[in-house]
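Printed here is work_6.txt (compact mmCIF, C-alpha atoms):
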# COMPACT_ATOMS: atom_id res chain seq x y z
CA MET A 14 198.11 99.61 55.03
CA ARG A 15 197.34 102.27 57.60
CA ARG A 16 195.28 99.77 59.53
CA TYR A 17 198.18 97.38 59.70
CA SER A 18 200.56 100.01 60.86
CA ALA A 19 198.03 101.06 63.51
CA VAL A 20 197.65 97.45 64.62
CA ILE A 21 201.43 97.07 64.86
CA VAL A 22 201.72 100.22 66.92
CA LEU A 23 198.95 99.05 69.24
CA MET A 24 200.57 95.67 69.69
CA VAL A 25 203.92 97.21 70.40
CA LEU A 26 202.33 99.49 72.98
CA SER A 27 200.50 96.60 74.58
CA ALA A 28 203.74 94.63 74.72
CA GLY A 29 205.35 97.54 76.49
CA CYS A 30 202.50 97.67 78.96
CA THR A 31 202.86 93.98 79.77
CA HIS A 32 206.53 94.48 80.61
CA ALA A 33 205.64 97.37 82.86
CA LYS A 34 203.02 95.28 84.68
CA ARG A 35 205.47 92.44 85.16
CA THR A 36 207.95 94.69 86.91
CA GLU A 37 205.23 96.12 89.09
CA THR A 38 203.90 92.78 90.23
CA GLN A 39 207.27 91.22 90.96
CA PRO A 40 208.21 92.87 94.24
CA GLN A 41 204.98 91.97 96.00
CA PRO A 42 205.71 89.08 98.33
CA PRO A 43 203.14 86.39 99.06
CA PRO A 44 200.98 86.73 102.16
CA PRO A 45 203.30 86.64 105.15
CA PRO A 46 202.99 83.76 107.58
CA VAL A 47 203.20 85.92 110.65
CA THR A 48 202.90 84.57 114.15
CA ALA A 49 202.04 87.75 115.98
CA LYS A 50 199.00 89.56 114.68
CA PRO A 51 199.24 93.34 114.70
CA GLU A 52 195.54 93.90 115.22
CA ALA A 53 196.21 96.14 118.15
CA ALA A 54 198.33 98.36 115.96
CA LYS A 55 195.67 98.76 113.32
CA ALA A 56 192.95 99.81 115.71
CA PRO A 57 194.55 103.07 116.83
CA GLN A 58 195.18 104.13 113.26
CA THR A 59 191.52 104.02 112.38
CA ALA A 60 190.69 105.76 115.60
CA THR A 61 193.02 108.61 114.79
CA ALA A 62 191.78 108.93 111.23
CA THR A 63 188.24 109.76 112.24
CA PRO A 64 189.06 112.52 114.69
CA ALA A 65 190.84 114.43 111.96
CA THR A 66 187.60 114.72 110.02
CA GLY A 67 185.68 115.21 113.21
CA THR A 68 187.70 118.23 114.20
CA ALA A 69 187.21 119.79 110.83
CA LYS A 70 183.47 119.64 111.19
CA THR A 71 182.91 120.37 114.84
CA THR A 72 184.84 123.63 114.59
CA PRO A 73 182.91 125.58 111.98
CA ALA A 74 183.90 128.95 113.39
CA LYS A 75 187.59 129.52 112.93
CA GLY A 76 187.86 131.74 115.95
CA THR A 77 186.64 129.06 118.31
CA ALA A 78 188.82 126.48 116.67
CA LYS A 79 191.90 128.46 117.52
CA ALA A 80 190.73 129.00 121.05
CA THR A 81 189.85 125.38 121.89
CA PRO A 82 193.17 123.56 121.35
CA ALA A 83 194.66 125.03 124.43
CA LYS A 84 195.77 121.61 125.72
CA GLY A 85 199.47 121.17 125.34
CA THR A 86 199.43 117.55 124.26
CA THR A 87 197.12 118.06 121.32
CA THR A 88 198.95 120.84 119.55
CA ALA A 89 200.05 118.60 116.70
CA VAL A 90 196.54 117.38 116.06
CA ALA A 91 195.19 120.86 116.28
CA ALA A 92 197.66 121.98 113.67
CA THR A 93 196.37 119.41 111.25
CA GLY A 94 192.84 120.33 112.19
CA THR A 95 193.36 123.92 111.12
CA LYS A 96 194.59 122.81 107.74
CA THR A 97 191.64 120.54 107.02
CA PRO A 98 188.94 123.25 107.02
CA ALA A 99 190.07 124.10 103.50
CA LYS A 100 188.48 120.86 102.31
CA PRO A 101 184.99 120.97 103.88
CA ALA A 102 183.51 122.67 100.83
CA THR A 103 183.76 119.37 99.00
CA ALA A 104 183.44 116.96 101.91
CA SER A 105 180.51 118.60 103.63
CA ASN A 106 178.30 115.51 103.24
CA SER A 107 180.62 113.33 105.24
CA ALA A 108 180.75 116.00 107.90
CA LYS A 109 177.23 115.21 109.03
CA THR A 110 177.88 111.50 109.37
CA VAL A 111 180.72 111.92 111.82
CA PRO A 112 179.45 111.84 115.39
CA PRO A 113 180.50 114.68 117.67
CA PRO A 114 182.03 112.39 120.35
CA ALA A 115 184.88 111.80 117.93
CA THR A 116 186.33 115.08 119.11
CA LYS A 117 186.69 113.61 122.58
CA ALA A 118 189.01 110.96 121.14
CA GLN A 119 191.15 113.70 119.63
CA PRO A 120 194.00 113.45 122.13
CA SER A 121 195.60 110.77 120.01
CA ALA A 122 197.97 109.25 122.53
CA PRO A 123 197.84 105.77 120.90
CA ALA A 124 199.11 107.24 117.64
CA LYS A 125 202.38 108.19 119.26
CA GLN A 126 203.03 104.62 120.37
CA PRO A 127 205.16 102.59 117.93
CA ALA A 128 203.12 100.13 115.92
CA ALA A 129 203.36 96.55 117.10
CA THR A 130 205.63 94.90 114.56
CA PRO A 131 205.03 91.30 113.58
CA THR A 132 207.68 88.78 114.42
CA LEU A 133 208.66 85.74 112.41
CA ASP A 134 209.60 82.34 113.69
CA LEU A 135 212.38 80.43 111.95
CA ASP A 136 210.07 78.37 109.73
CA ALA A 137 208.22 81.46 108.57
CA LEU A 138 211.49 83.25 107.97
CA GLU A 139 212.79 80.37 105.90
CA ALA A 140 209.59 80.24 103.87
CA ARG A 141 209.58 83.97 103.25
CA LEU A 142 213.23 83.96 102.21
CA LYS A 143 212.57 81.11 99.81
CA GLN A 144 209.60 82.90 98.30
CA THR A 145 211.04 86.37 97.98
CA LYS A 146 212.08 87.61 94.57
CA GLY A 147 214.31 90.25 96.10
CA ILE A 148 217.24 87.82 96.20
CA GLY A 149 218.56 85.69 93.38
CA LEU A 150 218.84 81.92 93.51
CA MET A 151 222.61 81.75 93.96
CA THR A 152 222.44 84.37 96.69
CA LYS A 153 219.80 82.34 98.48
CA LEU A 154 221.97 79.24 98.25
CA SER A 155 224.96 81.17 99.54
CA LEU A 156 222.95 82.56 102.43
CA LYS A 157 221.66 79.09 103.25
CA ASN A 158 225.25 77.86 103.38
CA GLN A 159 226.13 80.61 105.82
CA VAL A 160 223.08 79.91 107.98
CA ASP A 161 224.04 76.23 108.06
CA ASP A 162 227.60 77.19 109.02
CA LEU A 163 226.32 79.34 111.85
CA LEU A 164 224.07 76.56 113.11
CA GLY A 165 227.11 74.28 113.02
CA GLU A 166 228.95 76.78 115.20
CA PHE A 167 226.05 76.76 117.65
CA ARG A 168 226.20 72.96 117.72
CA LYS A 169 229.89 73.16 118.53
CA HIS A 170 229.18 75.62 121.31
CA TYR A 171 226.47 73.51 122.88
CA SER A 172 228.51 70.32 122.57
CA GLY A 173 230.88 71.79 125.12
CA LYS A 174 233.69 73.09 122.94
CA PRO A 175 235.03 76.36 124.33
CA MET A 176 235.99 78.01 121.08
CA PRO A 177 232.89 79.66 119.68
CA THR A 178 231.73 81.61 122.70
CA LEU A 179 228.25 83.04 122.86
CA THR A 180 229.68 86.50 122.22
CA GLU A 181 231.38 85.31 119.04
CA LEU A 182 228.22 83.57 117.97
CA ARG A 183 226.27 86.75 118.54
CA ARG A 184 228.73 88.65 116.38
CA SER A 185 228.42 86.10 113.60
CA TYR A 186 224.65 86.17 113.92
CA ASP A 187 224.57 89.95 113.71
CA LEU A 188 226.83 89.94 110.66
CA LEU A 189 224.66 87.40 108.90
CA MET A 190 221.55 89.39 109.72
CA MET A 191 223.24 92.50 108.33
CA LYS A 192 223.97 90.66 105.10
CA VAL A 193 220.40 89.46 104.78
CA LEU A 194 218.99 92.88 105.56
CA SER A 195 221.31 94.65 103.16
CA LEU A 196 220.25 92.28 100.42
CA LEU A 197 216.56 92.70 101.15
CA GLN A 198 216.15 96.31 102.14
CA ASP A 199 215.93 97.64 98.60
CA HIS A 200 213.92 94.86 97.02
CA ASP A 201 211.63 93.45 99.71
CA GLN A 202 211.26 96.07 102.39
CA GLN A 203 208.38 94.31 104.13
CA LEU A 204 210.41 91.16 104.68
CA ALA A 205 213.42 93.22 105.73
CA SER A 206 211.42 95.04 108.39
CA ASP A 207 209.84 91.79 109.58
CA ILE A 208 213.27 90.21 109.94
CA LEU A 209 214.54 93.26 111.73
CA SER A 210 211.69 93.08 114.22
CA SER A 211 212.22 89.33 114.68
CA ARG A 212 215.95 89.59 115.14
CA GLU A 213 216.01 89.37 118.93
CA ARG A 214 213.35 86.71 119.03
CA ILE A 215 215.34 84.47 116.70
CA TRP A 216 218.49 85.11 118.70
CA GLY A 217 216.57 84.12 121.82
CA LEU A 218 215.70 80.80 120.18
CA LEU A 219 219.30 80.16 119.16
CA ALA A 220 220.89 81.28 122.41
CA ASP A 221 218.72 79.04 124.56
CA PRO A 222 220.14 75.47 124.55
CA LYS A 223 216.73 73.86 124.97
CA SER A 224 215.03 75.75 122.17
CA PHE A 225 218.06 75.24 119.95
CA ALA A 226 217.97 71.50 120.60
CA ALA A 227 214.29 71.50 119.70
CA LEU A 228 215.07 73.43 116.51
CA ASP A 229 217.92 71.12 115.64
CA ALA A 230 215.80 68.06 116.11
CA MET B 13 194.56 87.64 51.63
CA THR B 14 198.28 87.14 51.25
CA THR B 15 198.97 90.77 52.07
CA ARG B 16 197.06 90.37 55.33
CA VAL B 17 199.04 87.30 56.24
CA ILE B 18 202.28 89.06 55.39
CA ALA B 19 201.28 92.08 57.45
CA ARG B 20 200.35 89.95 60.45
CA ALA B 21 203.55 87.97 60.19
CA SER B 22 205.59 91.14 60.01
CA SER B 23 203.81 92.56 63.05
CA PHE B 24 204.52 89.40 65.04
CA PHE B 25 208.13 89.52 63.89
CA VAL B 26 208.45 93.12 65.07
CA LEU B 27 206.89 92.18 68.40
CA ALA B 28 209.22 89.26 68.85
CA CYS B 29 212.22 91.41 68.00
CA LEU B 30 211.17 93.98 70.58
CA ALA B 31 210.08 91.66 73.37
CA THR B 32 212.86 89.05 73.39
CA PRO B 33 215.86 91.31 73.93
CA VAL B 34 214.08 93.18 76.71
CA ALA B 35 213.32 89.98 78.60
CA ALA B 36 216.80 88.60 78.02
CA GLN B 37 218.35 91.84 79.16
CA GLN B 38 216.28 91.82 82.35
CA ASP B 39 217.34 88.25 83.09
CA ASN B 40 220.97 89.09 82.47
CA GLU B 41 220.82 92.12 84.76
CA ALA B 42 219.21 90.02 87.49
CA LEU B 43 221.94 87.41 87.07
CA LYS B 44 224.66 90.04 87.34
CA LYS B 45 223.14 91.40 90.53
CA ASP B 46 222.79 87.91 91.92
CA LEU B 47 226.43 87.09 91.20
CA THR B 48 227.54 90.43 92.61
CA ALA B 49 225.76 89.60 95.86
CA VAL B 50 227.18 86.08 95.96
CA ILE B 51 230.76 87.26 95.42
CA ALA B 52 230.32 89.95 98.06
CA LEU B 53 228.85 87.42 100.50
CA GLN B 54 231.96 85.29 100.08
CA GLY B 55 234.09 88.32 100.87
CA GLN B 56 235.80 88.49 97.51
CA PRO B 57 236.70 91.80 95.88
CA CYS B 58 234.59 92.65 92.88
CA GLY B 59 232.60 95.84 93.10
CA GLU B 60 230.06 94.90 90.50
CA VAL B 61 229.66 92.11 87.98
CA VAL B 62 229.70 93.58 84.50
CA ALA B 63 229.55 90.37 82.49
CA ALA B 64 228.15 86.96 83.30
CA THR B 65 228.12 83.75 81.33
CA VAL B 66 226.05 80.70 82.11
CA LEU B 67 228.25 77.62 81.91
CA LYS B 68 225.80 75.08 83.30
CA GLN B 69 222.90 75.11 85.69
CA ASN B 70 224.05 77.02 88.79
CA ASP B 71 227.48 77.42 87.23
CA TYR B 72 228.61 80.84 86.03
CA ALA B 73 231.62 82.81 84.92
CA ALA B 74 231.58 86.37 86.16
CA THR B 75 233.72 89.35 85.23
CA CYS B 76 233.88 92.19 87.70
CA LYS B 77 234.22 95.91 87.20
CA ASP B 78 237.65 95.87 88.83
CA GLY B 79 238.87 93.25 86.36
CA ASN B 80 238.61 90.22 88.63
CA LYS B 81 237.10 87.08 87.16
CA TYR B 82 235.32 84.42 89.16
CA HIS B 83 233.91 80.98 88.65
CA VAL B 84 230.73 80.82 90.72
CA TYR B 85 229.09 77.45 91.06
CA GLU B 86 227.23 75.11 93.34
CA ASN B 87 229.28 72.05 94.21
CA ASP B 88 227.97 68.54 94.74
CA LYS B 89 227.54 69.20 98.47
CA GLY B 90 225.16 72.07 97.77
CA ARG B 91 227.63 74.78 98.69
CA VAL B 92 228.13 77.88 96.59
CA VAL B 93 231.80 78.23 95.69
CA VAL B 94 233.47 81.36 94.34
CA ASP B 95 236.79 80.58 92.69
CA LYS B 96 239.00 83.39 91.56
CA GLN B 97 240.24 82.91 87.99
CA LYS B 98 243.68 84.05 86.91

Would you write the structure of this file as structure tokens?
Amino acid sequence: MRRYSAVIVLMVLSAGCTHAKRTETQPQPPPPPVTAKPEAAKAPQTATATPATGTAKTTPAKGTAKATPAKGTTTAVAATGTKTPAKPATASNSAKTVPPPATKAQPSAPAKQPAATPTLDLDALEARLKQTKGIGLMTKLSLKNQVDDLLGEFRKHYSGKPMPTLTELRRSYDLLMMKVLSLLQDHDQQLASDILSSRERIWGLLADPKSFAALDA
Amino acid sequence: MTTRVIARASSFFVLACLATPVAAQQDNEALKKDLTAVIALQGQPCGEVVAATVLKQNDYAATCKDGNKYHVYENDKGRVVVDKQK
């Protein structure tokens, strides 16, 4: 009887674990169809990661380490460098593998530049919005209705009717974007940030009569 | 032999009792959030949906925290409609 009770407890625990896994795997969106590749943004990050270890190793004497970062621009990096020497007792093996020239790359100017954010075109945005689990089905339908309404307003504008001016269209566009972002920001942050970075690009497509006509076709 | 079968059956029963309500509750919470977002997108006052009933596919009755009740459905033109119920 004890065995059975143990089996039941194990099964209940495993059932609990499966629920936990399901909630963890849900928010991950499928691979993003991104038009602009942020390879340039990734390169500086790796470059800045190595100098941190490099500084820890090339400054074995603490007195010299404090004396060397006299350059004004590298004070932030030097501050991190002084903290890292606490670790070298464990990471001494990796210290030998790091080449000394890494210290020359220490002035990490590229790290201060904002990372190049990927932008989405309209097709990619539509696909990502369809795929995301951050928004429910009825919300997606409702948003699609509002996007269609906005496109209808653009059609009116480009057909020569005076009423929806470009300023009004921009206001409507911004409001719709705000709605989308507010719906996504808590549940699919990656998509929200991608949309945010693509906002002006999409507006550029809509505000240009030729590109809008191409989209509409 | 029969005791083993009974024990296994009881364990499956316990599992089913535990798993089903959790999944149903998760679905219901997701539906409430979905309807809350839809009602807010339509600019209707609600606050938060506290009860939701599935009437048909893409057809729901929602009760809000502030006491408002809405019929939320997709019409034959594919538009989501939020009708306030008296």

Handout entry: atom CA of Ile51 of chain B to atom CA of Asp134 of chain A, straight-line distance in Å
Key =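 Spanning atom CA of Asp134 of chain A to atom CA of Ile51 of chain B is a straight-line distance of 28.4 Å.
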
Exercise for the section: Give me, as number ranges by chain, the contact residues of chain B against chain A at a cut-off of 6 Å, counting all atoms listed in the file. Expected result: B: 23, 46, 50, 92

Problem - 9 Å contact set for Ala74 of chain B, only C-alpha atoms, chain neighbours under 2 positions out, as a PyMOL selection string - result: chain B and resi 44+47-48+61-66+72+76+80-84
